[in-house]
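S.K.: Pasting final.cif here (mmCIF, C-alpha atoms; chains and numbers go by the auth columns):
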data_data
loop_
_atom_site.group_PDB
_atom_site.id
_atom_site.type_symbol
_atom_site.label_atom_id
_atom_site.label_comp_id
_atom_site.label_asym_id
_atom_site.label_seq_id
_atom_site.Cartn_x
_atom_site.Cartn_y
_atom_site.Cartn_z
_atom_site.B_iso_or_equiv
_atom_site.auth_seq_id
_atom_site.auth_asym_id
ATOM 1 C CA MET A 1 0.000 0.000 0.000 0.00 1 A
ATOM 2 C CA PRO A 2 1.486 3.400 -0.943 0.00 2 A
ATOM 3 C CA GLU A 3 2.340 5.760 1.907 0.00 3 A
ATOM 4 C CA ALA A 4 -0.215 8.511 2.510 0.00 4 A
ATOM 5 C CA LYS A 5 0.792 11.957 1.331 0.00 5 A
ATOM 6 C CA LYS A 6 2.190 14.276 3.970 0.00 6 A
ATOM 7 C CA HIS A 7 -0.079 17.235 4.738 0.00 7 A
ATOM 8 C CA ILE A 8 1.513 20.687 5.070 0.00 8 A
ATOM 9 C CA LEU A 9 -0.120 23.851 6.394 0.00 9 A
ATOM 10 C CA VAL A 10 1.315 27.131 5.081 0.00 10 A
ATOM 11 C CA VAL A 11 0.561 30.172 7.261 0.00 11 A
ATOM 12 C CA ASP A 12 1.458 33.480 5.612 0.00 12 A
ATOM 13 C CA ASP A 13 -0.393 36.753 5.016 0.00 13 A
ATOM 14 C CA ASP A 14 1.368 37.259 1.643 0.00 14 A
ATOM 15 C CA THR A 15 -1.168 35.994 -0.904 0.00 15 A
ATOM 16 C CA ARG A 16 1.404 35.604 -3.682 0.00 16 A
ATOM 17 C CA LEU A 17 3.870 33.662 -1.541 0.00 17 A
ATOM 18 C CA ARG A 18 1.111 31.412 -0.172 0.00 18 A
ATOM 19 C CA SER A 19 0.085 30.575 -3.725 0.00 19 A
ATOM 20 C CA LEU A 20 3.663 29.902 -4.843 0.00 20 A
ATOM 21 C CA LEU A 21 4.325 27.642 -1.864 0.00 21 A
ATOM 22 C CA GLN A 22 1.109 25.730 -2.398 0.00 22 A
ATOM 23 C CA ARG A 23 1.830 25.129 -6.058 0.00 23 A
ATOM 24 C CA TYR A 24 5.456 24.102 -5.568 0.00 24 A
ATOM 25 C CA LEU A 25 4.802 21.761 -2.635 0.00 25 A
ATOM 26 C CA ARG A 26 1.875 20.119 -4.428 0.00 26 A
ATOM 27 C CA GLU A 27 4.150 19.523 -7.413 0.00 27 A
ATOM 28 C CA GLN A 28 6.491 17.712 -4.990 0.00 28 A
ATOM 29 C CA GLY A 29 3.676 15.356 -3.958 0.00 29 A
ATOM 30 C CA PHE A 30 2.439 16.957 -0.735 0.00 30 A
ATOM 31 C CA LEU A 31 -1.094 17.797 0.322 0.00 31 A
ATOM 32 C CA VAL A 32 -1.100 21.517 1.077 0.00 32 A
ATOM 33 C CA SER A 33 -3.519 23.793 2.902 0.00 33 A
ATOM 34 C CA ALA A 34 -2.962 27.525 3.335 0.00 34 A
ATOM 35 C CA ALA A 35 -4.041 30.091 5.917 0.00 35 A
ATOM 36 C CA LYS A 36 -3.643 33.864 5.760 0.00 36 A
ATOM 37 C CA ASP A 37 -3.122 34.298 9.518 0.00 37 A
ATOM 38 C CA ALA A 38 -2.916 32.485 12.852 0.00 38 A
ATOM 39 C CA ALA A 39 -6.670 32.594 13.444 0.00 39 A
ATOM 40 C CA GLU A 40 -7.421 30.856 10.157 0.00 40 A
ATOM 41 C CA ALA A 41 -4.607 28.384 10.803 0.00 41 A
ATOM 42 C CA GLU A 42 -6.104 27.450 14.171 0.00 42 A
ATOM 43 C CA GLY A 43 -9.352 26.612 12.374 0.00 43 A
ATOM 44 C CA PHE A 44 -7.490 24.288 10.016 0.00 44 A
ATOM 45 C CA LEU A 45 -5.700 22.624 12.932 0.00 45 A
ATOM 46 C CA LYS A 46 -9.035 21.804 14.586 0.00 46 A
ATOM 47 C CA THR A 47 -10.251 20.129 11.390 0.00 47 A
ATOM 48 C CA TYR A 48 -7.270 18.383 9.810 0.00 48 A
ATOM 49 C CA LEU A 49 -4.141 16.505 10.828 0.00 49 A
ATOM 50 C CA PHE A 50 -0.902 18.065 9.589 0.00 50 A
ATOM 51 C CA ASP A 51 2.633 16.688 9.364 0.00 51 A
ATOM 52 C CA ILE A 52 4.430 20.045 9.230 0.00 52 A
ATOM 53 C CA LEU A 53 3.664 23.766 9.505 0.00 53 A
ATOM 54 C CA ILE A 54 5.392 26.495 7.490 0.00 54 A
ATOM 55 C CA VAL A 55 4.821 29.753 9.384 0.00 55 A
ATOM 56 C CA ASP A 56 5.801 33.311 8.501 0.00 56 A
ATOM 57 C CA ILE A 57 7.082 35.471 11.356 0.00 57 A
ATOM 58 C CA MET A 58 5.601 38.796 10.264 0.00 58 A
ATOM 59 C CA MET A 59 1.825 38.431 10.320 0.00 59 A
ATOM 60 C CA PRO A 60 -0.932 40.796 11.530 0.00 60 A
ATOM 61 C CA ARG A 61 -2.513 40.436 14.979 0.00 61 A
ATOM 62 C CA MET A 62 -0.523 37.345 16.001 0.00 62 A
ATOM 63 C CA ASP A 63 2.998 36.945 14.637 0.00 63 A
ATOM 64 C CA GLY A 64 4.788 33.654 14.006 0.00 64 A
ATOM 65 C CA TYR A 65 6.538 33.649 17.385 0.00 65 A
ATOM 66 C CA GLU A 66 3.336 34.084 19.350 0.00 66 A
ATOM 67 C CA PHE A 67 1.495 31.554 17.180 0.00 67 A
ATOM 68 C CA THR A 68 4.246 28.985 17.684 0.00 68 A
ATOM 69 C CA LYS A 69 4.290 29.564 21.447 0.00 69 A
ATOM 70 C CA THR A 70 0.504 29.181 21.558 0.00 70 A
ATOM 71 C CA LEU A 71 0.748 25.841 19.771 0.00 71 A
ATOM 72 C CA ARG A 72 3.543 24.550 21.985 0.00 72 A
ATOM 73 C CA ASP A 73 1.742 25.681 25.143 0.00 73 A
ATOM 74 C CA GLY A 74 -1.215 23.657 23.868 0.00 74 A
ATOM 75 C CA LYS A 75 1.018 20.559 23.555 0.00 75 A
ATOM 76 C CA CYS A 76 1.042 20.649 19.736 0.00 76 A
ATOM 77 C CA GLU A 77 4.235 18.884 18.608 0.00 77 A
ATOM 78 C CA ILE A 78 3.907 19.313 14.823 0.00 78 A
ATOM 79 C CA PRO A 79 7.287 20.368 13.338 0.00 79 A
ATOM 80 C CA ILE A 80 7.392 24.081 12.508 0.00 80 A
ATOM 81 C CA LEU A 81 9.524 25.689 9.802 0.00 81 A
ATOM 82 C CA MET A 82 9.561 29.453 10.296 0.00 82 A
ATOM 83 C CA LEU A 83 9.925 31.866 7.369 0.00 83 A
ATOM 84 C CA THR A 84 11.713 35.135 8.004 0.00 84 A
ATOM 85 C CA ALA A 85 13.084 38.092 6.053 0.00 85 A
ATOM 86 C CA LYS A 86 15.917 38.423 8.568 0.00 86 A
ATOM 87 C CA ILE A 87 17.722 35.968 10.786 0.00 87 A
ATOM 88 C CA SER A 88 19.891 37.447 13.508 0.00 88 A
ATOM 89 C CA HIS A 89 21.201 35.534 16.496 0.00 89 A
ATOM 90 C CA GLU A 90 18.430 37.046 18.620 0.00 90 A
ATOM 91 C CA ASP A 91 15.774 36.040 16.054 0.00 91 A
ATOM 92 C CA LYS A 92 16.977 32.441 16.169 0.00 92 A
ATOM 93 C CA LYS A 93 17.175 32.464 19.959 0.00 93 A
ATOM 94 C CA LYS A 94 13.627 33.756 20.287 0.00 94 A
ATOM 95 C CA GLY A 95 12.314 31.308 17.687 0.00 95 A
ATOM 96 C CA PHE A 96 13.891 28.260 19.276 0.00 96 A
ATOM 97 C CA GLU A 97 12.776 29.366 22.736 0.00 97 A
ATOM 98 C CA VAL A 98 9.120 29.408 21.661 0.00 98 A
ATOM 99 C CA GLY A 99 9.410 26.017 19.940 0.00 99 A
ATOM 100 C CA THR A 100 10.392 26.553 16.298 0.00 100 A
ATOM 101 C CA ASP A 101 12.220 23.598 14.732 0.00 101 A
ATOM 102 C CA ASP A 102 13.993 25.358 11.860 0.00 102 A
ATOM 103 C CA PHE A 103 14.273 28.656 9.972 0.00 103 A
ATOM 104 C CA LEU A 104 14.285 29.574 6.293 0.00 104 A
ATOM 105 C CA THR A 105 15.286 33.067 5.202 0.00 105 A
ATOM 106 C CA LYS A 106 13.365 34.857 2.437 0.00 106 A
ATOM 107 C CA PRO A 107 13.963 34.966 -0.461 0.00 107 A
ATOM 108 C CA PHE A 108 14.733 31.252 -0.538 0.00 108 A
ATOM 109 C CA ASP A 109 15.574 28.602 -3.085 0.00 109 A
ATOM 110 C CA ASP A 110 12.826 26.044 -3.807 0.00 110 A
ATOM 111 C CA GLU A 111 15.231 23.147 -3.347 0.00 111 A
ATOM 112 C CA GLU A 112 16.363 24.427 0.042 0.00 112 A
ATOM 113 C CA LEU A 113 12.730 24.657 1.133 0.00 113 A
ATOM 114 C CA LEU A 114 12.217 21.041 0.082 0.00 114 A
ATOM 115 C CA TRP A 115 15.398 19.894 1.848 0.00 115 A
ATOM 116 C CA ARG A 116 14.334 21.536 5.097 0.00 116 A
ATOM 117 C CA VAL A 117 10.781 20.181 4.891 0.00 117 A
ATOM 118 C CA GLU A 118 12.061 16.651 4.245 0.00 118 A
ATOM 119 C CA ALA A 119 14.611 16.944 7.062 0.00 119 A
ATOM 120 C CA LEU A 120 11.917 18.004 9.548 0.00 120 A
ATOM 121 C CA LEU A 121 9.615 15.196 8.442 0.00 121 A
ATOM 122 C CA ARG A 122 12.447 12.695 8.799 0.00 122 A
ATOM 123 C CA ARG A 123 13.361 13.922 12.285 0.00 123 A
ATOM 124 C CA SER A 124 9.716 13.825 13.334 0.00 124 A
ATOM 125 C CA LYS A 125 9.444 10.235 12.105 0.00 125 A
ATOM 126 C CA ILE A 126 12.589 9.229 13.946 0.00 126 A
ATOM 127 C CA ALA A 127 11.431 10.953 17.149 0.00 127 A
ATOM 128 C CA THR A 128 8.091 9.152 16.976 0.00 128 A
ATOM 129 C CA GLU A 129 9.262 5.673 16.052 0.00 129 A
ATOM 130 C CA LYS A 130 12.797 5.821 17.446 0.00 130 A
ATOM 131 C CA LYS A 131 13.931 3.768 14.492 0.00 131 A
ATOM 132 C CA ILE A 132 16.168 4.576 11.525 0.00 132 A
ATOM 133 C CA THR A 133 16.391 2.490 8.363 0.00 133 A
ATOM 134 C CA VAL A 134 19.008 3.283 5.747 0.00 134 A
ATOM 135 C CA GLY A 135 18.996 0.686 2.990 0.00 135 A
ATOM 136 C CA SER A 136 19.637 -2.660 4.680 0.00 136 A
ATOM 137 C CA THR A 137 20.778 -1.066 7.955 0.00 137 A
ATOM 138 C CA THR A 138 18.320 -0.549 10.827 0.00 138 A
ATOM 139 C CA LEU A 139 18.879 1.106 14.194 0.00 139 A
ATOM 140 C CA ASP A 140 16.180 0.504 16.812 0.00 140 A
ATOM 141 C CA TYR A 141 16.428 2.908 19.749 0.00 141 A
ATOM 142 C CA ALA A 142 13.954 0.960 21.882 0.00 142 A
ATOM 143 C CA SER A 143 16.197 -2.115 21.942 0.00 143 A
ATOM 144 C CA MET A 144 19.479 -0.211 21.332 0.00 144 A
ATOM 145 C CA SER A 145 20.163 -2.667 18.522 0.00 145 A
ATOM 146 C CA ALA A 146 21.665 -2.415 15.048 0.00 146 A
ATOM 147 C CA THR A 147 21.077 -4.891 12.229 0.00 147 A
ATOM 148 C CA VAL A 148 22.302 -5.188 8.650 0.00 148 A
ATOM 149 C CA ASP A 149 20.245 -7.456 6.382 0.00 149 A
ATOM 150 C CA GLY A 150 18.577 -8.724 9.555 0.00 150 A
ATOM 151 C CA LYS A 151 21.884 -9.728 11.150 0.00 151 A
ATOM 152 C CA LEU A 152 22.735 -8.199 14.510 0.00 152 A
ATOM 153 C CA VAL A 153 25.762 -5.910 14.746 0.00 153 A
ATOM 154 C CA THR A 154 27.020 -5.768 18.327 0.00 154 A
ATOM 155 C CA LEU A 155 27.444 -2.188 19.552 0.00 155 A
ATOM 156 C CA THR A 156 28.177 -0.704 22.938 0.00 156 A
ATOM 157 C CA PRO A 157 25.576 1.832 24.195 0.00 157 A
ATOM 158 C CA LYS A 158 27.860 4.774 23.338 0.00 158 A
ATOM 159 C CA GLU A 159 28.583 3.385 19.872 0.00 159 A
ATOM 160 C CA PHE A 160 24.871 2.987 19.240 0.00 160 A
ATOM 161 C CA LEU A 161 24.031 6.508 20.443 0.00 161 A
ATOM 162 C CA LEU A 162 26.815 8.001 18.337 0.00 162 A
ATOM 163 C CA LEU A 163 25.715 6.201 15.177 0.00 163 A
ATOM 164 C CA PHE A 164 22.039 6.987 15.835 0.00 164 A
ATOM 165 C CA LYS A 165 22.939 10.668 16.162 0.00 165 A
ATOM 166 C CA LEU A 166 24.941 10.737 12.929 0.00 166 A
ATOM 167 C CA LEU A 167 22.372 8.826 10.867 0.00 167 A
ATOM 168 C CA SER A 168 19.518 10.948 12.203 0.00 168 A
ATOM 169 C CA TYR A 169 21.053 13.918 10.373 0.00 169 A
ATOM 170 C CA PRO A 170 22.862 12.729 7.220 0.00 170 A
ATOM 171 C CA ASN A 171 25.359 15.196 5.743 0.00 171 A
ATOM 172 C CA GLN A 172 25.250 17.367 8.861 0.00 172 A
ATOM 173 C CA LEU A 173 28.554 18.126 10.543 0.00 173 A
ATOM 174 C CA PHE A 174 28.879 17.493 14.276 0.00 174 A
ATOM 175 C CA THR A 175 31.945 18.723 16.134 0.00 175 A
ATOM 176 C CA LYS A 176 33.688 16.563 18.689 0.00 176 A
ATOM 177 C CA TYR A 177 32.504 18.980 21.374 0.00 177 A
ATOM 178 C CA GLN A 178 28.857 18.619 20.289 0.00 178 A
ATOM 179 C CA ILE A 179 29.167 14.841 20.370 0.00 179 A
ATOM 180 C CA MET A 180 30.900 14.881 23.751 0.00 180 A
ATOM 181 C CA ASP A 181 28.251 17.192 25.177 0.00 181 A
ATOM 182 C CA GLU A 182 25.287 15.116 24.002 0.00 182 A
ATOM 183 C CA ILE A 183 26.551 11.541 24.358 0.00 183 A
ATOM 184 C CA TRP A 184 29.173 11.755 27.105 0.00 184 A
ATOM 185 C CA ASP A 185 27.809 14.860 28.846 0.00 185 A
ATOM 186 C CA PHE A 186 31.394 16.092 29.135 0.00 186 A
ATOM 187 C CA ASP A 187 32.318 13.249 31.483 0.00 187 A
ATOM 188 C CA THR A 188 35.530 14.388 33.175 0.00 188 A
ATOM 189 C CA GLU A 189 37.140 11.019 32.464 0.00 189 A
ATOM 190 C CA SER A 190 36.514 11.340 28.713 0.00 190 A
ATOM 191 C CA ASP A 191 38.128 13.597 26.131 0.00 191 A
ATOM 192 C CA GLU A 192 38.092 14.197 22.376 0.00 192 A
ATOM 193 C CA HIS A 193 40.160 11.066 21.817 0.00 193 A
ATOM 194 C CA THR A 194 37.225 9.052 23.154 0.00 194 A
ATOM 195 C CA VAL A 195 35.112 10.208 20.200 0.00 195 A
ATOM 196 C CA GLU A 196 37.854 9.265 17.736 0.00 196 A
ATOM 197 C CA VAL A 197 38.097 5.790 19.270 0.00 197 A
ATOM 198 C CA HIS A 198 34.344 5.212 18.977 0.00 198 A
ATOM 199 C CA ILE A 199 34.253 6.524 15.393 0.00 199 A
ATOM 200 C CA ASN A 200 37.044 4.112 14.445 0.00 200 A
ATOM 201 C CA ARG A 201 35.209 1.218 16.095 0.00 201 A
ATOM 202 C CA LEU A 202 32.045 2.040 14.148 0.00 202 A
ATOM 203 C CA ARG A 203 33.997 2.237 10.896 0.00 203 A
ATOM 204 C CA GLU A 204 35.511 -1.156 11.577 0.00 204 A
ATOM 205 C CA LYS A 205 32.154 -2.750 12.431 0.00 205 A
ATOM 206 C CA PHE A 206 30.482 -1.285 9.327 0.00 206 A
ATOM 207 C CA LYS A 207 33.475 -1.405 6.958 0.00 207 A
ATOM 208 C CA ASN A 208 31.646 -3.622 4.466 0.00 208 A
ATOM 209 C CA ASN A 209 28.403 -1.654 4.718 0.00 209 A
ATOM 210 C CA SER A 210 27.259 -0.139 1.415 0.00 210 A
ATOM 211 C CA ASP A 211 24.491 2.014 2.928 0.00 211 A
ATOM 212 C CA PHE A 212 26.550 4.766 4.559 0.00 212 A
ATOM 213 C CA TYR A 213 29.967 5.841 5.727 0.00 213 A
ATOM 214 C CA ILE A 214 31.259 8.207 8.398 0.00 214 A
ATOM 215 C CA LYS A 215 33.244 11.115 6.984 0.00 215 A
ATOM 216 C CA THR A 216 35.857 13.066 8.910 0.00 216 A
ATOM 217 C CA ILE A 217 35.959 16.812 8.330 0.00 217 A
ATOM 218 C CA ARG A 218 39.519 17.404 9.476 0.00 218 A
ATOM 219 C CA GLY A 219 39.808 19.935 12.267 0.00 219 A
ATOM 220 C CA PHE A 220 36.031 20.061 12.799 0.00 220 A
ATOM 221 C CA GLY A 221 34.271 16.744 13.347 0.00 221 A
ATOM 222 C CA TYR A 222 32.197 14.048 11.657 0.00 222 A
ATOM 223 C CA MET A 223 29.142 13.460 9.500 0.00 223 A
ATOM 224 C CA SER A 224 27.335 10.465 8.048 0.00 224 A
ATOM 225 C CA VAL A 225 27.038 10.218 4.261 0.00 225 A
ATOM 226 C CA LEU A 226 24.515 7.954 2.545 0.00 226 A
ATOM 227 C CA GLU A 227 26.192 5.892 -0.149 0.00 227 A
ATOM 228 C CA ASN A 228 23.403 4.895 -2.522 0.00 228 A
ATOM 229 C CA GLN A 229 22.382 7.784 -4.777 0.00 229 A
ATOM 230 C CA ASN A 230 18.872 6.347 -4.940 0.00 230 A
ATOM 231 C CA GLU A 231 18.566 6.407 -1.160 0.00 231 A
ATOM 232 C CA LYS A 232 19.540 9.959 -0.334 0.00 232 A
ATOM 233 C CA GLN A 233 16.750 10.081 2.207 0.00 233 A
ATOM 234 C CA ILE A 234 16.277 7.795 5.159 0.00 234 A
ATOM 235 C CA LYS A 235 13.388 5.460 4.452 0.00 235 A
ATOM 236 C CA LYS A 236 10.344 5.908 6.634 0.00 236 A
#
So, in terms of structure tokens, how does the structure I just supplied come out?

M.R.:
Amino acid sequence: MPEAKKHILVVDDDTRLRSLLQRYLREQGFLVSAAKDAAEAEGFLKTYLFDILIVDIMMPRMDGYEFTKTLRDGKCEIPILMLTAKISHEDKKKGFEVGTDDFLTKPFDDEELLWRVEALLRRSKIATEKKITVGSTTLDYASMSATVDGKLVTLTPKEFLLLFKLLSYPNQLFTKYQIMDEIWDFDTESDEHTVEVHINRLREKFKNNSDFYIKTIRGFGYMSVLENQNEKQIKK
């Protein structure tokens, strides 16, 4: 059975931009609804289920920040991509504090919009199911297990968490400090060399894996890269 189309709600008071976003996203295979302001969007949210919201910051009566905060205060966990004409450090800080998941600066490239939408949908799927499948490789967070073609690959808890982090965000660079902070919580008995050791162990355990590889960005950190050109996105 084919997977149901993802439903996107665009919230923007710019009639022309709303129309352009609707047309482009529908051409990419999404179901798309559009609202001119937060009040109309709230009506849609009471009627339909959405997989992602694209919300403009500058809107009359209730801006994107306030709308996002209202949704999060109401326990709405739908991923939100916020559109903005400017993006200073303070803008980002305020947006993330109220519950925005990502930003896109106007004017934007259609492909970048699609990349960010797909990334948010992928992260939402992973957060819900706690499972990643890349080709023949599957990581199951619930059981902390990794399999390739159904065969178990033995990983330590830290190895699993590190690989799960990298494969959750393909092609995204993570510094050693970011990895240490999230996975080791800056344990005083661990240092940057600990990350290198675990990366090398993962490379050895998955050296014959054709689904992905771990790339070193010298002087910065690591990222996962999906090998198969036909599987650029993590399967859902």

S.K.: Check what the PyMOL selection byres ((chain A and resi 91-93) around 12) selects in the file above and give those residues as a PDB file with C-alpha atoms, in the coordinates of the input.

M.R.:
ATOM      1  CA  ILE A  57       7.082  35.471  11.356  1.00  0.00           C
ATOM      2  CA  GLY A  64       4.788  33.654  14.006  1.00  0.00           C
ATOM      3  CA  TYR A  65       6.538  33.649  17.385  1.00  0.00           C
ATOM      4  CA  LEU A  81       9.524  25.689   9.802  1.00  0.00           C
ATOM      5  CA  MET A  82       9.561  29.453  10.296  1.00  0.00           C
ATOM      6  CA  LEU A  83       9.925  31.866   7.369  1.00  0.00           C
ATOM      7  CA  THR A  84      11.713  35.135   8.004  1.00  0.00           C
ATOM      8  CA  ALA A  85      13.084  38.092   6.053  1.00  0.00           C
ATOM      9  CA  LYS A  86      15.917  38.423   8.568  1.00  0.00           C
ATOM     10  CA  ILE A  87      17.722  35.968  10.786  1.00  0.00           C
ATOM     11  CA  SER A  88      19.891  37.447  13.508  1.00  0.00           C
ATOM     12  CA  HIS A  89      21.201  35.534  16.496  1.00  0.00           C
ATOM     13  CA  GLU A  90      18.430  37.046  18.620  1.00  0.00           C
ATOM     14  CA  LYS A  94      13.627  33.756  20.287  1.00  0.00           C
ATOM     15  CA  GLY A  95      12.314  31.308  17.687  1.00  0.00           C
ATOM     16  CA  PHE A  96      13.891  28.260  19.276  1.00  0.00           C
ATOM     17  CA  GLU A  97      12.776  29.366  22.736  1.00  0.00           C
ATOM     18  CA  VAL A  98       9.120  29.408  21.661  1.00  0.00           C
ATOM     19  CA  GLY A  99       9.410  26.017  19.940  1.00  0.00           C
ATOM     20  CA  THR A 100      10.392  26.553  16.298  1.00  0.00           C
ATOM     21  CA  ASP A 101      12.220  23.598  14.732  1.00  0.00           C
ATOM     22  CA  ASP A 102      13.993  25.358  11.860  1.00  0.00           C
ATOM     23  CA  PHE A 103      14.273  28.656   9.972  1.00  0.00           C
ATOM     24  CA  LEU A 104      14.285  29.574   6.293  1.00  0.00           C
ATOM     25  CA  THR A 105      15.286  33.067   5.202  1.00  0.00           C
TER      26      THR A 105
END

S.K.: Step by step, work through what the PyMOL selection byres ((chain A and resi 197-211) around 10) selects in the shown file, and finish by giving those residues as number ranges by chain.

M.R.: A: 133-137, 148, 153-156, 158-160, 162-163, 192-196, 212-216, 222, 225-229, 231-232

S.K.: Quick one, how far is CA of Met59 (chain A) from CA of Asp13 (chain A)?

M.R.: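 About the pair CA of Met59 (chain A) and CA of Asp13 (chain A): they are 6.0 Å apart.
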
S.K.: Which neighbours of region 39-50 of chain A fall inside 12 Å, counting all atoms listed in the file, when residues of the same chain fewer than 6 positions from it are skipped, and could you give them as an mmCIF file with C-alpha atoms, in the frame of the given file?

M.R.:
data_model
loop_
_atom_site.group_PDB
_atom_site.id
_atom_site.type_symbol
_atom_site.label_atom_id
_atom_site.label_comp_id
_atom_site.auth_asym_id
_atom_site.auth_seq_id
_atom_site.Cartn_x
_atom_site.Cartn_y
_atom_site.Cartn_z
ATOM 1 C CA ALA A 4 -0.215 8.511 2.510
ATOM 2 C CA LYS A 5 0.792 11.957 1.331
ATOM 3 C CA LYS A 6 2.190 14.276 3.970
ATOM 4 C CA HIS A 7 -0.079 17.235 4.738
ATOM 5 C CA ILE A 8 1.513 20.687 5.070
ATOM 6 C CA LEU A 9 -0.120 23.851 6.394
ATOM 7 C CA VAL A 10 1.315 27.131 5.081
ATOM 8 C CA VAL A 11 0.561 30.172 7.261
ATOM 9 C CA ASP A 12 1.458 33.480 5.612
ATOM 10 C CA ASP A 13 -0.393 36.753 5.016
ATOM 11 C CA PHE A 30 2.439 16.957 -0.735
ATOM 12 C CA LEU A 31 -1.094 17.797 0.322
ATOM 13 C CA VAL A 32 -1.100 21.517 1.077
ATOM 14 C CA SER A 33 -3.519 23.793 2.902
ATOM 15 C CA ASP A 56 5.801 33.311 8.501
ATOM 16 C CA MET A 59 1.825 38.431 10.320
ATOM 17 C CA PRO A 60 -0.932 40.796 11.530
ATOM 18 C CA ARG A 61 -2.513 40.436 14.979
ATOM 19 C CA MET A 62 -0.523 37.345 16.001
ATOM 20 C CA ASP A 63 2.998 36.945 14.637
ATOM 21 C CA GLY A 64 4.788 33.654 14.006
ATOM 22 C CA GLU A 66 3.336 34.084 19.350
ATOM 23 C CA PHE A 67 1.495 31.554 17.180
ATOM 24 C CA THR A 68 4.246 28.985 17.684
ATOM 25 C CA THR A 70 0.504 29.181 21.558
ATOM 26 C CA LEU A 71 0.748 25.841 19.771
ATOM 27 C CA GLY A 74 -1.215 23.657 23.868
ATOM 28 C CA CYS A 76 1.042 20.649 19.736
ATOM 29 C CA GLU A 77 4.235 18.884 18.608
ATOM 30 C CA ILE A 78 3.907 19.313 14.823
ATOM 31 C CA PRO A 79 7.287 20.368 13.338
ATOM 32 C CA ILE A 80 7.392 24.081 12.508
ATOM 33 C CA LEU A 121 9.615 15.196 8.442
#

S.K.: Taking all listed atoms of region 132-142 of chain A, build the axis-aligned box, pad each of the six sides by 4 Å, then write its centre and edge lengths in Å to one decimal as lines of an AutoDock Vina configuration file.

M.R.:
center_x = 17.4
center_y = 1.0
center_z = 12.4
size_x = 14.8
size_y = 15.2
size_z = 26.9

S.K.: Record the distance separating CA of Pro157 (chain A) and CA of Glu182 (chain A), expressed in Å with one decimal.

M.R.: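 The value is 13.3 Å.
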
S.K.: For region 55-59 of chain A, supply all heavy atoms and format the output as a compact mmCIF listing (two decimals), in the coordinates of the input.

M.R.:
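For reference, rebuild16.txt as written:
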# COMPACT_ATOMS: atom_id res chain seq x y z
N VAL A 55 5.43 28.56 8.77
CA VAL A 55 4.82 29.75 9.38
C VAL A 55 5.69 30.99 9.17
O VAL A 55 6.89 30.97 9.47
CB VAL A 55 4.62 29.52 10.90
CG1 VAL A 55 4.02 30.76 11.55
CG2 VAL A 55 3.74 28.29 11.14
N ASP A 56 5.09 32.05 8.66
CA ASP A 56 5.80 33.31 8.50
C ASP A 56 5.87 34.03 9.85
O ASP A 56 4.93 33.95 10.65
CB ASP A 56 5.07 34.18 7.47
CG ASP A 56 5.84 35.45 7.15
OD1 ASP A 56 7.09 35.38 7.10
OD2 ASP A 56 5.21 36.50 6.95
N ILE A 57 6.97 34.73 10.10
CA ILE A 57 7.08 35.47 11.36
C ILE A 57 6.18 36.70 11.35
O ILE A 57 5.40 36.93 12.26
CB ILE A 57 8.54 35.90 11.62
CG1 ILE A 57 9.40 34.69 11.98
CG2 ILE A 57 8.60 36.92 12.75
CD1 ILE A 57 10.84 35.02 12.29
N MET A 58 6.30 37.51 10.30
CA MET A 58 5.60 38.80 10.26
C MET A 58 4.18 38.62 9.75
O MET A 58 3.94 38.55 8.55
CB MET A 58 6.37 39.78 9.39
CG MET A 58 7.79 40.04 9.86
SD MET A 58 7.85 40.68 11.57
CE MET A 58 7.07 42.27 11.34
N MET A 59 3.24 38.53 10.68
CA MET A 59 1.82 38.43 10.32
C MET A 59 1.03 39.38 11.20
O MET A 59 1.44 39.68 12.33
CB MET A 59 1.31 36.99 10.51
CG MET A 59 1.94 35.97 9.58
SD MET A 59 1.12 34.36 9.70
CE MET A 59 1.52 33.88 11.40
